[in-house]
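K.L.:
Shown below is the structure under consideration.
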Amino acid sequence: MNPIKSLFLIVFTCLISLNSFSQVKQEDDGLSLYKSTIDKQFEYILKKSGNFKGTNGQPYEAVKRSMFLALRAHTLDSLKTVHKNLAETQAVVKTQAKEILDLKANLSNTQTDLETTNSEKNNMALFGLQMSKTSYNVLMWSIVGALLALLVFFIYKFKNSNAITRKANHDLAEIEEEFNEHRRTALEREQKVRRQLQDEINKQKKA
């Protein structure tokens with residue numbers, strides 16, 4: 001067999017082995033560009049950044065454009081999901097706020113009716129039925145108690161929704177800040193590589 005072909009086969013086999021080892025280690029670390037969180041994907045990109053030296057001994061780093069574009073697409077998908085969840089939460093908050101206002105209005109009307117009824121004497125009429133003042137008061141206060149319980153419940157739900165909204169806004173801001181920082185770093189690296197490549201081309205032309 002041709003010695004050059006033999007050497008090529010040996011180098012090719014070594015490269016495949018190194019690549020397989022690298023993939024196994026990445027899977028053990030839980031890092032992946034397609035099956036992990038955004039944070040893990042950024043770590044994966046950083047680990048996959050190429051480190052090499054040019055002919056002048058200058059160290060270089062590079063990130064594959066396809067990996068950067070995939071990471072950008074995943075980040076944008078995450079942002080869309082956060083925006084969607086935020087919009088849904090805001091819709092729930094708006095609905096619950098309206099329900100609370102309705103309950104407050106109903107409670108106010110009920111208390112007004114109760115005060116009017118208490119000003120009357122023993123004969124009480126409700127839905128055309130006569131009942132004692134004590135029974136009437138018990139019924140009306142039961143209704144008020146139920147409305148108050150519902151009001152407390154919806155206030156709790158409203159506050160809980162506000163907390164979820166604040167957390168979603170905070171998470172969104174962190175993701176956007178992290179994405180912008182990584183994008184800036186990647187662009188700086190890409191510009192640096194392009195300048196170094198152009199310098200190398202210029203040197204080759206002069207040579």
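Within each chain, counting starts at residue 1; across the structure tokens, chains are named A, B, ... in the order shown, with ligands numbered 1 upward in that order.
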Fewer than 3 positions away in the same chain doesn't count, so skip those; otherwise give me all residues within 8 Å of region 156-165 of chain A, counting only C-alpha atoms, as an mmCIF file with C-alpha atoms, in the first residue's frame.
P.N.:
data_model
loop_
_atom_site.group_PDB
_atom_site.id
_atom_site.type_symbol
_atom_site.label_atom_id
_atom_site.label_comp_id
_atom_site.auth_asym_id
_atom_site.auth_seq_id
_atom_site.Cartn_x
_atom_site.Cartn_y
_atom_site.Cartn_z
ATOM 1 C CA LEU A 86 -46.150 36.810 29.466
ATOM 2 C CA THR A 89 -50.361 35.857 32.101
ATOM 3 C CA GLN A 90 -51.251 39.471 31.439
ATOM 4 C CA VAL A 92 -55.314 36.296 33.018
ATOM 5 C CA VAL A 93 -54.415 39.241 35.263
ATOM 6 C CA GLN A 96 -59.114 38.574 37.218
ATOM 7 C CA ALA A 97 -58.894 42.331 37.789
ATOM 8 C CA VAL A 152 -60.112 37.271 48.959
ATOM 9 C CA PHE A 153 -59.573 34.336 46.593
ATOM 10 C CA ALA A 168 -41.395 36.403 33.547
ATOM 11 C CA ASN A 169 -40.251 39.991 32.890
#
K.L.:
In Å, how far is it from CA of Glu181 (chain A) to CA of Met67 (chain A)?
P.N.:
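Going from CA of Glu181 (chain A) over to CA of Met67 (chain A), I get 16.5 Å.
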K.L.:
If I take CA of Ala73 (chain A) and CA of Phe179 (chain A), how far is one from the other in Å, to one decimal?
P.N.:
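Computing the Euclidean distance for CA of Ala73 (chain A) and CA of Phe179 (chain A) yields 11.1 Å.
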K.L.:
Taking into account only C-alpha atoms, which residue in the set A:Ser66, A:Asn180, A:Gln204, A:Gln198 is nearest to Leu33 (chain A)?
P.N.:
A:Ser66
K.L.:
Using only C-alpha atoms, which of the listed residues (A:Lys35, A:Lys47, A:Tyr136, A:Ala62) sits closest to Leu187 (chain A)?
P.N.:
A:Ala62
K.L.:
Between CA of Ser32 (chain A) and CA of Leu76 (chain A), measure the distance and give it in Å to one decimal.
P.N.:
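Atom-to-atom, CA of Ser32 (chain A) to CA of Leu76 (chain A), that is 17.1 Å.
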K.L.:
May I ask which of the residues A:Ser132, A:Asn85, A:Thr117, A:Thr75 is the closest one to Gln41 (chain A), counting only C-alpha atoms?
P.N.:
A:Thr75
K.L.:
Please provide as a PyMOL selection string all residues within 10 Å of region 100-103 of chain A, with the sequence filter that same-chain residues fewer than 6 positions apart are discarded (counting only C-alpha atoms).
P.N.:
chain A and resi 94+109+147-148+150-155+158
K.L.:
Could you give me the residues within region 79-176 of chain A that DSSP places in strand (DSSP E), as a PyMOL selection string?
P.N.:
chain A and resi 124-126+129-131
K.L.:
For His182 (chain A), please output as a ChimeraX atom specification all residues within 12 Å (counting only C-alpha atoms; exclusion window: fewer than 3 positions along the same chain).
P.N.:
/A:38-39,41-43,45-46,63,68,71-72,75,175-179,185-189
K.L.:
Save out the residues we just selected, N, CA, C and O atoms, as a compact mmCIF listing (two decimals), in the first residue's frame.
P.N.:
# COMPACT_ATOMS: atom_id res chain seq x y z
N ILE A 38 -30.78 26.92 27.12
CA ILE A 38 -30.02 27.97 26.44
C ILE A 38 -28.65 28.14 27.09
O ILE A 38 -27.63 28.31 26.41
N ASP A 39 -28.61 28.11 28.43
CA ASP A 39 -27.35 28.27 29.13
C ASP A 39 -26.38 27.16 28.76
O ASP A 39 -25.20 27.41 28.51
N GLN A 41 -26.44 25.45 26.03
CA GLN A 41 -26.07 25.64 24.63
C GLN A 41 -24.94 26.66 24.49
O GLN A 41 -24.01 26.49 23.69
N PHE A 42 -24.97 27.73 25.31
CA PHE A 42 -23.88 28.69 25.28
C PHE A 42 -22.58 28.03 25.75
O PHE A 42 -21.51 28.27 25.18
N GLU A 43 -22.66 27.20 26.79
CA GLU A 43 -21.47 26.50 27.24
C GLU A 43 -20.95 25.57 26.15
O GLU A 43 -19.73 25.45 25.95
N ILE A 45 -21.26 25.99 22.91
CA ILE A 45 -20.62 26.81 21.87
C ILE A 45 -19.22 27.22 22.31
O ILE A 45 -18.26 27.19 21.53
N LEU A 46 -19.10 27.62 23.60
CA LEU A 46 -17.78 28.03 24.09
C LEU A 46 -16.79 26.87 24.05
O LEU A 46 -15.62 27.04 23.69
N VAL A 63 -15.74 30.34 15.92
CA VAL A 63 -17.01 29.64 16.18
C VAL A 63 -17.66 29.39 14.83
O VAL A 63 -17.75 30.29 13.99
N PHE A 68 -23.52 29.20 15.53
CA PHE A 68 -23.99 30.50 16.01
C PHE A 68 -25.42 30.77 15.56
O PHE A 68 -26.26 31.23 16.33
N LEU A 71 -27.81 28.60 17.56
CA LEU A 71 -27.98 29.13 18.91
C LEU A 71 -28.88 30.37 18.89
O LEU A 71 -29.74 30.54 19.75
N ARG A 72 -28.70 31.22 17.87
CA ARG A 72 -29.55 32.41 17.77
C ARG A 72 -31.01 32.01 17.56
O ARG A 72 -31.91 32.58 18.18
N THR A 75 -32.41 30.74 20.83
CA THR A 75 -32.63 31.84 21.77
C THR A 75 -33.88 32.63 21.39
O THR A 75 -34.69 33.01 22.25
N ILE A 175 -32.47 36.86 29.85
CA ILE A 175 -32.18 36.14 28.61
C ILE A 175 -31.74 37.12 27.52
O ILE A 175 -30.78 36.85 26.79
N GLU A 176 -32.43 38.25 27.40
CA GLU A 176 -32.05 39.23 26.39
C GLU A 176 -30.66 39.80 26.65
O GLU A 176 -29.85 39.96 25.72
N GLU A 177 -30.36 40.06 27.93
CA GLU A 177 -29.03 40.58 28.26
C GLU A 177 -27.95 39.54 27.95
O GLU A 177 -26.91 39.87 27.39
N GLU A 178 -28.24 38.29 28.33
CA GLU A 178 -27.27 37.23 28.06
C GLU A 178 -27.07 37.01 26.56
O GLU A 178 -25.94 36.85 26.09
N PHE A 179 -28.16 37.06 25.81
CA PHE A 179 -28.05 36.87 24.36
C PHE A 179 -27.26 38.00 23.72
O PHE A 179 -26.39 37.77 22.87
N THR A 185 -19.89 39.21 21.92
CA THR A 185 -18.63 38.49 22.01
C THR A 185 -18.35 37.71 20.72
O THR A 185 -17.23 37.71 20.21
N ALA A 186 -19.40 37.08 20.19
CA ALA A 186 -19.23 36.30 18.97
C ALA A 186 -18.86 37.20 17.79
O ALA A 186 -18.01 36.86 16.97
N LEU A 187 -19.51 38.37 17.72
CA LEU A 187 -19.20 39.30 16.63
C LEU A 187 -17.77 39.82 16.75
O LEU A 187 -17.06 39.97 15.74
N GLU A 188 -17.34 40.09 17.98
CA GLU A 188 -15.97 40.55 18.17
C GLU A 188 -14.97 39.48 17.74
O GLU A 188 -13.95 39.79 17.11
N ARG A 189 -15.29 38.23 18.10
CA ARG A 189 -14.40 37.14 17.69
C ARG A 189 -14.36 37.00 16.17
O ARG A 189 -13.30 36.82 15.57
K.L.:
Name the closest residue to Lys80 (chain A) among the candidates A:Val193, A:Arg183, A:Leu172, A:Ala105; distances are taken between atoms, counting only C-alpha atoms.
P.N.:
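Looking only at the distances to Lys80 (chain A), the closest residue turns out to be A:Leu172.
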